[in-house]
Amino acid sequence: MLALDTSKKLSFNKLIADGDLVIVYEKHDTMKAVNVCEGSIFQNRFGVFKHSDWIGKPFGSKVYSNKSGYVYLLAPSPELWTLVLSHRTQILYIADISFVIMYLEIVPGCLVLESGTGSGSLTTSLARAVAPTGHVYTFDFHEQRAASAREEFERTGVSSVVTVGVRDIQGKGFPDELCGMADAVFLDLPQPWLVIASAAKMLKPDATLCSFSPCIEQVQRSCEALRTNFTDIRTFEVLLRTYEVREVKKDSMRGHGGSPSQQPPCKRRQTSEGSNKQESMSSTIMARPSAEARGHTGYLTFARLKCST
Ligand SMILES: C[S@@+](CC[C@H](N)C(=O)[O-])C[C@H]1O[C@@H](n2cnc3c(N)ncnc32)[C@H](O)[C@@H]1O
């Protein structure tokens, strides 16, 4: 995931090697994380794929089974990892994650504190954002969850920039050794208001905190606690509208939606070959709002540490 080359630069030009983690992609909702192992096979409804055929190919390659079925072998980015990881807890998804990283101003070299670690969905993206020179200290009070997260950070290649601690953050706060060192603090805890005083001590002047809570009552209590040491307190709910993009037969569109003039508005219709002929084709590409769109996930409350002088 974090292909660091010898000069500690991020490098994405690697060829697939024995031992690498790859995302085996069938379609956007059917993907699996697989560690390549010379001599092993991957099997799905399209047939049997030999790992040895994958070694030496660039990430993104289309590879074939014994029955001429195919899958794509994708590089394990945090975006894809979030979709395939095993859920040990509720997790943060891409829309919230991207908003958090942008609003917390997390860039390479930052030191970030997080609790709880949960399934490590956010941590993996935080790790890539701070790499190669920053660090994420993430804490969970659940020993088994912390251990599983550590193993997965090894597997995904981010362990050099992540430290997982077992600690009751609501009871004890963040460790004193990290006082005044954090560029950002992120909380995904049931009672985040208990941690806000400790988070204030950890942050550098003018640095930011974010707390994720599913319920508005939690947000209200957190905002009360934030008023003492923080300013610029803002809460957001990120709602993502996804569209399904697929090829449909023109005849089937008539059956459902009447004549082409009654079709949903779109700027341009393309055939699968990429030309823009409007009427001479038998199928077309349509984008329509996805029925599976995710609704409310949680509220993201951001606040900036007040300067003490
Ligand atoms: C919803 S999960 C976090 C999910 C995570 N943000 C992700 O994207 O995968 C909340 C985590 O907080 C942990 N937790 C709850 N109370 C805690 C406490 N007092 N101290 C540390 N961790 C705690 C739980 O064990 C759980 O793993």
# chains A, B, ... in the order shown; residues from 1 in each chain; ligands from 1
call {"tool": "residues_near_ligand", "arguments": {"ligand": "ligand 1", "cutoff": "7 Å", "atoms": "only C-alpha atoms and all ligand atoms", "output": "VMD selection string"}}
result
chain A and resid 89 to 92 115 to 123 139 to 142 145 167 to 171 188 to 190
call {"tool": "select_by_dssp", "arguments": {"residues": "region 169-204 of chain A", "states": "helix (DSSP H, G or I)", "output": "JSON, numbers by chain"}}
result
{"A": [169, 170, 171, 172, 176, 177, 178, 192, 193, 194, 195, 196, 197, 198, 199, 200, 201, 202]}
call {"tool": "select_by_dssp", "arguments": {"residues": "region 56-276 of chain A", "states": "strand (DSSP E or B)", "output": "number ranges by chain"}}
result
A: 58, 61-64, 70-74, 111-115, 135-140, 162-166, 182-187, 203-213, 230-236, 243-249
call {"tool": "closest_residue", "arguments": {"among": "A:Glu152, A:Arg45, A:Glu38, A:Val130", "to": "Thr82 (chain A)", "atoms": "only C-alpha atoms"}}
result
A:Glu152
call {"tool": "residues_around", "arguments": {"residues": "region 102-107 of chain A", "least_positions_apart": "5", "cutoff": "7 Å", "atoms": "only C-alpha atoms", "output": "list of chain:residue names"}}
result
A:Ala129, A:Val130, A:Ala184, A:Thr208, A:Leu209
call {"tool": "write_last_selection", "arguments": {"atoms": "N, CA, C and O atoms", "output": "PDB file, in the first residue's frame"}}
result
ATOM      1  N   ALA A 129      -1.543   9.522   4.380  1.00  0.00           N
ATOM      2  CA  ALA A 129      -1.486  10.980   4.310  1.00  0.00           C
ATOM      3  C   ALA A 129      -0.243  11.536   5.010  1.00  0.00           C
ATOM      4  O   ALA A 129       0.316  12.530   4.564  1.00  0.00           O
ATOM      5  N   VAL A 130       0.205  10.902   6.095  1.00  0.00           N
ATOM      6  CA  VAL A 130       1.364  11.443   6.832  1.00  0.00           C
ATOM      7  C   VAL A 130       2.696  10.905   6.301  1.00  0.00           C
ATOM      8  O   VAL A 130       3.751  11.448   6.606  1.00  0.00           O
ATOM      9  N   ALA A 184      -2.853  16.948  14.698  1.00  0.00           N
ATOM     10  CA  ALA A 184      -4.302  16.692  14.605  1.00  0.00           C
ATOM     11  C   ALA A 184      -4.661  15.555  15.543  1.00  0.00           C
ATOM     12  O   ALA A 184      -3.849  14.661  15.791  1.00  0.00           O
ATOM     13  N   THR A 208      -5.880  21.181  14.921  1.00  0.00           N
ATOM     14  CA  THR A 208      -7.318  20.871  14.871  1.00  0.00           C
ATOM     15  C   THR A 208      -7.654  19.477  15.397  1.00  0.00           C
ATOM     16  O   THR A 208      -6.847  18.549  15.338  1.00  0.00           O
ATOM     17  N   LEU A 209      -8.901  19.390  15.858  1.00  0.00           N
ATOM     18  CA  LEU A 209      -9.455  18.134  16.367  1.00  0.00           C
ATOM     19  C   LEU A 209     -10.706  17.817  15.565  1.00  0.00           C
ATOM     20  O   LEU A 209     -11.418  18.726  15.120  1.00  0.00           O
TER      21      LEU A 209
END
call {"tool": "atom_distance", "arguments": {"atom1": "CA of Lys57 (chain A)", "atom2": "CA of Ala17 (chain A)"}}
result
8.3 Å
call {"tool": "decode", "arguments": {"residues": "region 132-170 of chain A", "atoms": "N, CA and C atoms", "output": "mmCIF file, in the first residue's frame"}}
result
data_model
loop_
_atom_site.group_PDB
_atom_site.id
_atom_site.type_symbol
_atom_site.label_atom_id
_atom_site.label_comp_id
_atom_site.auth_asym_id
_atom_site.auth_seq_id
_atom_site.Cartn_x
_atom_site.Cartn_y
_atom_site.Cartn_z
ATOM 1 N N PRO A 132 5.925 9.884 3.963
ATOM 2 C CA PRO A 132 6.758 8.875 4.617
ATOM 3 C C PRO A 132 7.390 9.345 5.929
ATOM 4 N N THR A 133 7.224 10.628 6.286
ATOM 5 C CA THR A 133 7.993 11.138 7.428
ATOM 6 C C THR A 133 7.163 11.394 8.674
ATOM 7 N N GLY A 134 5.834 11.324 8.573
ATOM 8 C CA GLY A 134 4.982 11.571 9.745
ATOM 9 C C GLY A 134 4.661 10.282 10.482
ATOM 10 N N HIS A 135 3.749 10.380 11.460
ATOM 11 C CA HIS A 135 3.399 9.186 12.237
ATOM 12 C C HIS A 135 1.981 9.296 12.775
ATOM 13 N N VAL A 136 1.317 8.143 12.851
ATOM 14 C CA VAL A 136 -0.022 8.056 13.448
ATOM 15 C C VAL A 136 0.091 7.199 14.707
ATOM 16 N N TYR A 137 -0.331 7.766 15.839
ATOM 17 C CA TYR A 137 -0.447 6.997 17.080
ATOM 18 C C TYR A 137 -1.923 6.737 17.290
ATOM 19 N N THR A 138 -2.313 5.458 17.236
ATOM 20 C CA THR A 138 -3.727 5.132 17.347
ATOM 21 C C THR A 138 -3.946 4.232 18.562
ATOM 22 N N PHE A 139 -5.028 4.482 19.299
ATOM 23 C CA PHE A 139 -5.269 3.784 20.571
ATOM 24 C C PHE A 139 -6.655 3.161 20.601
ATOM 25 N N ASP A 140 -6.700 1.931 21.142
ATOM 26 C CA ASP A 140 -7.979 1.264 21.379
ATOM 27 C C ASP A 140 -7.845 0.520 22.704
ATOM 28 N N PHE A 141 -8.927 0.468 23.476
ATOM 29 C CA PHE A 141 -8.813 -0.243 24.766
ATOM 30 C C PHE A 141 -9.055 -1.735 24.630
ATOM 31 N N HIS A 142 -9.430 -2.165 23.432
ATOM 32 C CA HIS A 142 -9.776 -3.564 23.193
ATOM 33 C C HIS A 142 -8.523 -4.267 22.659
ATOM 34 N N GLU A 143 -7.915 -5.140 23.500
ATOM 35 C CA GLU A 143 -6.606 -5.715 23.144
ATOM 36 C C GLU A 143 -6.627 -6.490 21.842
ATOM 37 N N GLN A 144 -7.662 -7.322 21.654
ATOM 38 C CA GLN A 144 -7.708 -8.161 20.464
ATOM 39 C C GLN A 144 -7.848 -7.298 19.205
ATOM 40 N N ARG A 145 -8.680 -6.250 19.320
ATOM 41 C CA ARG A 145 -8.847 -5.345 18.167
ATOM 42 C C ARG A 145 -7.531 -4.640 17.823
ATOM 43 N N ALA A 146 -6.824 -4.229 18.867
ATOM 44 C CA ALA A 146 -5.544 -3.551 18.633
ATOM 45 C C ALA A 146 -4.558 -4.523 17.973
ATOM 46 N N ALA A 147 -4.552 -5.772 18.438
ATOM 47 C CA ALA A 147 -3.624 -6.772 17.877
ATOM 48 C C ALA A 147 -3.961 -7.052 16.409
ATOM 49 N N SER A 148 -5.253 -7.182 16.112
ATOM 50 C CA SER A 148 -5.650 -7.440 14.717
ATOM 51 C C SER A 148 -5.286 -6.249 13.834
ATOM 52 N N ALA A 149 -5.458 -5.058 14.371
ATOM 53 C CA ALA A 149 -5.115 -3.855 13.585
ATOM 54 C C ALA A 149 -3.615 -3.843 13.285
ATOM 55 N N ARG A 150 -2.816 -4.172 14.317
ATOM 56 C CA ARG A 150 -1.356 -4.205 14.117
ATOM 57 C C ARG A 150 -0.989 -5.172 12.999
ATOM 58 N N GLU A 151 -1.590 -6.366 13.032
ATOM 59 C CA GLU A 151 -1.300 -7.370 11.987
ATOM 60 C C GLU A 151 -1.670 -6.839 10.608
ATOM 61 N N GLU A 152 -2.831 -6.172 10.545
ATOM 62 C CA GLU A 152 -3.258 -5.673 9.229
ATOM 63 C C GLU A 152 -2.372 -4.529 8.744
ATOM 64 N N PHE A 153 -1.877 -3.707 9.669
ATOM 65 C CA PHE A 153 -0.994 -2.614 9.224
ATOM 66 C C PHE A 153 0.322 -3.183 8.680
ATOM 67 N N GLU A 154 0.757 -4.329 9.238
ATOM 68 C CA GLU A 154 1.918 -5.038 8.661
ATOM 69 C C GLU A 154 1.571 -5.493 7.249
ATOM 70 N N ARG A 155 0.398 -6.117 7.126
ATOM 71 C CA ARG A 155 -0.011 -6.707 5.844
ATOM 72 C C ARG A 155 -0.144 -5.632 4.767
ATOM 73 N N THR A 156 -0.677 -4.478 5.143
ATOM 74 C CA THR A 156 -0.905 -3.432 4.141
ATOM 75 C C THR A 156 0.322 -2.534 3.969
ATOM 76 N N GLY A 157 1.356 -2.777 4.756
ATOM 77 C CA GLY A 157 2.614 -2.057 4.536
ATOM 78 C C GLY A 157 2.665 -0.669 5.151
ATOM 79 N N VAL A 158 1.771 -0.370 6.109
ATOM 80 C CA VAL A 158 1.806 0.978 6.702
ATOM 81 C C VAL A 158 2.395 0.971 8.119
ATOM 82 N N SER A 159 2.866 -0.200 8.579
ATOM 83 C CA SER A 159 3.246 -0.303 9.999
ATOM 84 C C SER A 159 4.414 0.607 10.381
ATOM 85 N N SER A 160 5.248 0.997 9.394
ATOM 86 C CA SER A 160 6.382 1.861 9.755
ATOM 87 C C SER A 160 5.930 3.269 10.141
ATOM 88 N N VAL A 161 4.712 3.628 9.804
ATOM 89 C CA VAL A 161 4.246 4.984 10.157
ATOM 90 C C VAL A 161 3.051 4.946 11.125
ATOM 91 N N VAL A 162 2.764 3.769 11.680
ATOM 92 C CA VAL A 162 1.634 3.644 12.621
ATOM 93 C C VAL A 162 2.075 2.909 13.882
ATOM 94 N N THR A 163 1.726 3.450 15.042
ATOM 95 C CA THR A 163 1.913 2.735 16.310
ATOM 96 C C THR A 163 0.545 2.541 16.935
ATOM 97 N N VAL A 164 0.247 1.281 17.281
ATOM 98 C CA VAL A 164 -1.053 0.975 17.905
ATOM 99 C C VAL A 164 -0.838 0.776 19.404
ATOM 100 N N GLY A 165 -1.545 1.546 20.218
ATOM 101 C CA GLY A 165 -1.440 1.401 21.671
ATOM 102 C C GLY A 165 -2.743 0.867 22.245
ATOM 103 N N VAL A 166 -2.619 0.061 23.322
ATOM 104 C CA VAL A 166 -3.822 -0.399 24.032
ATOM 105 C C VAL A 166 -3.990 0.523 25.239
ATOM 106 N N ARG A 167 -5.090 1.264 25.260
ATOM 107 C CA ARG A 167 -5.272 2.259 26.329
ATOM 108 C C ARG A 167 -6.735 2.677 26.392
ATOM 109 N N ASP A 168 -7.216 2.876 27.616
ATOM 110 C CA ASP A 168 -8.557 3.419 27.805
ATOM 111 C C ASP A 168 -8.448 4.941 27.695
ATOM 112 N N ILE A 169 -8.713 5.434 26.505
ATOM 113 C CA ILE A 169 -8.502 6.871 26.252
ATOM 114 C C ILE A 169 -9.573 7.713 26.955
ATOM 115 N N GLN A 170 -10.775 7.195 27.066
ATOM 116 C CA GLN A 170 -11.818 7.961 27.777
ATOM 117 C C GLN A 170 -11.502 8.047 29.276
#
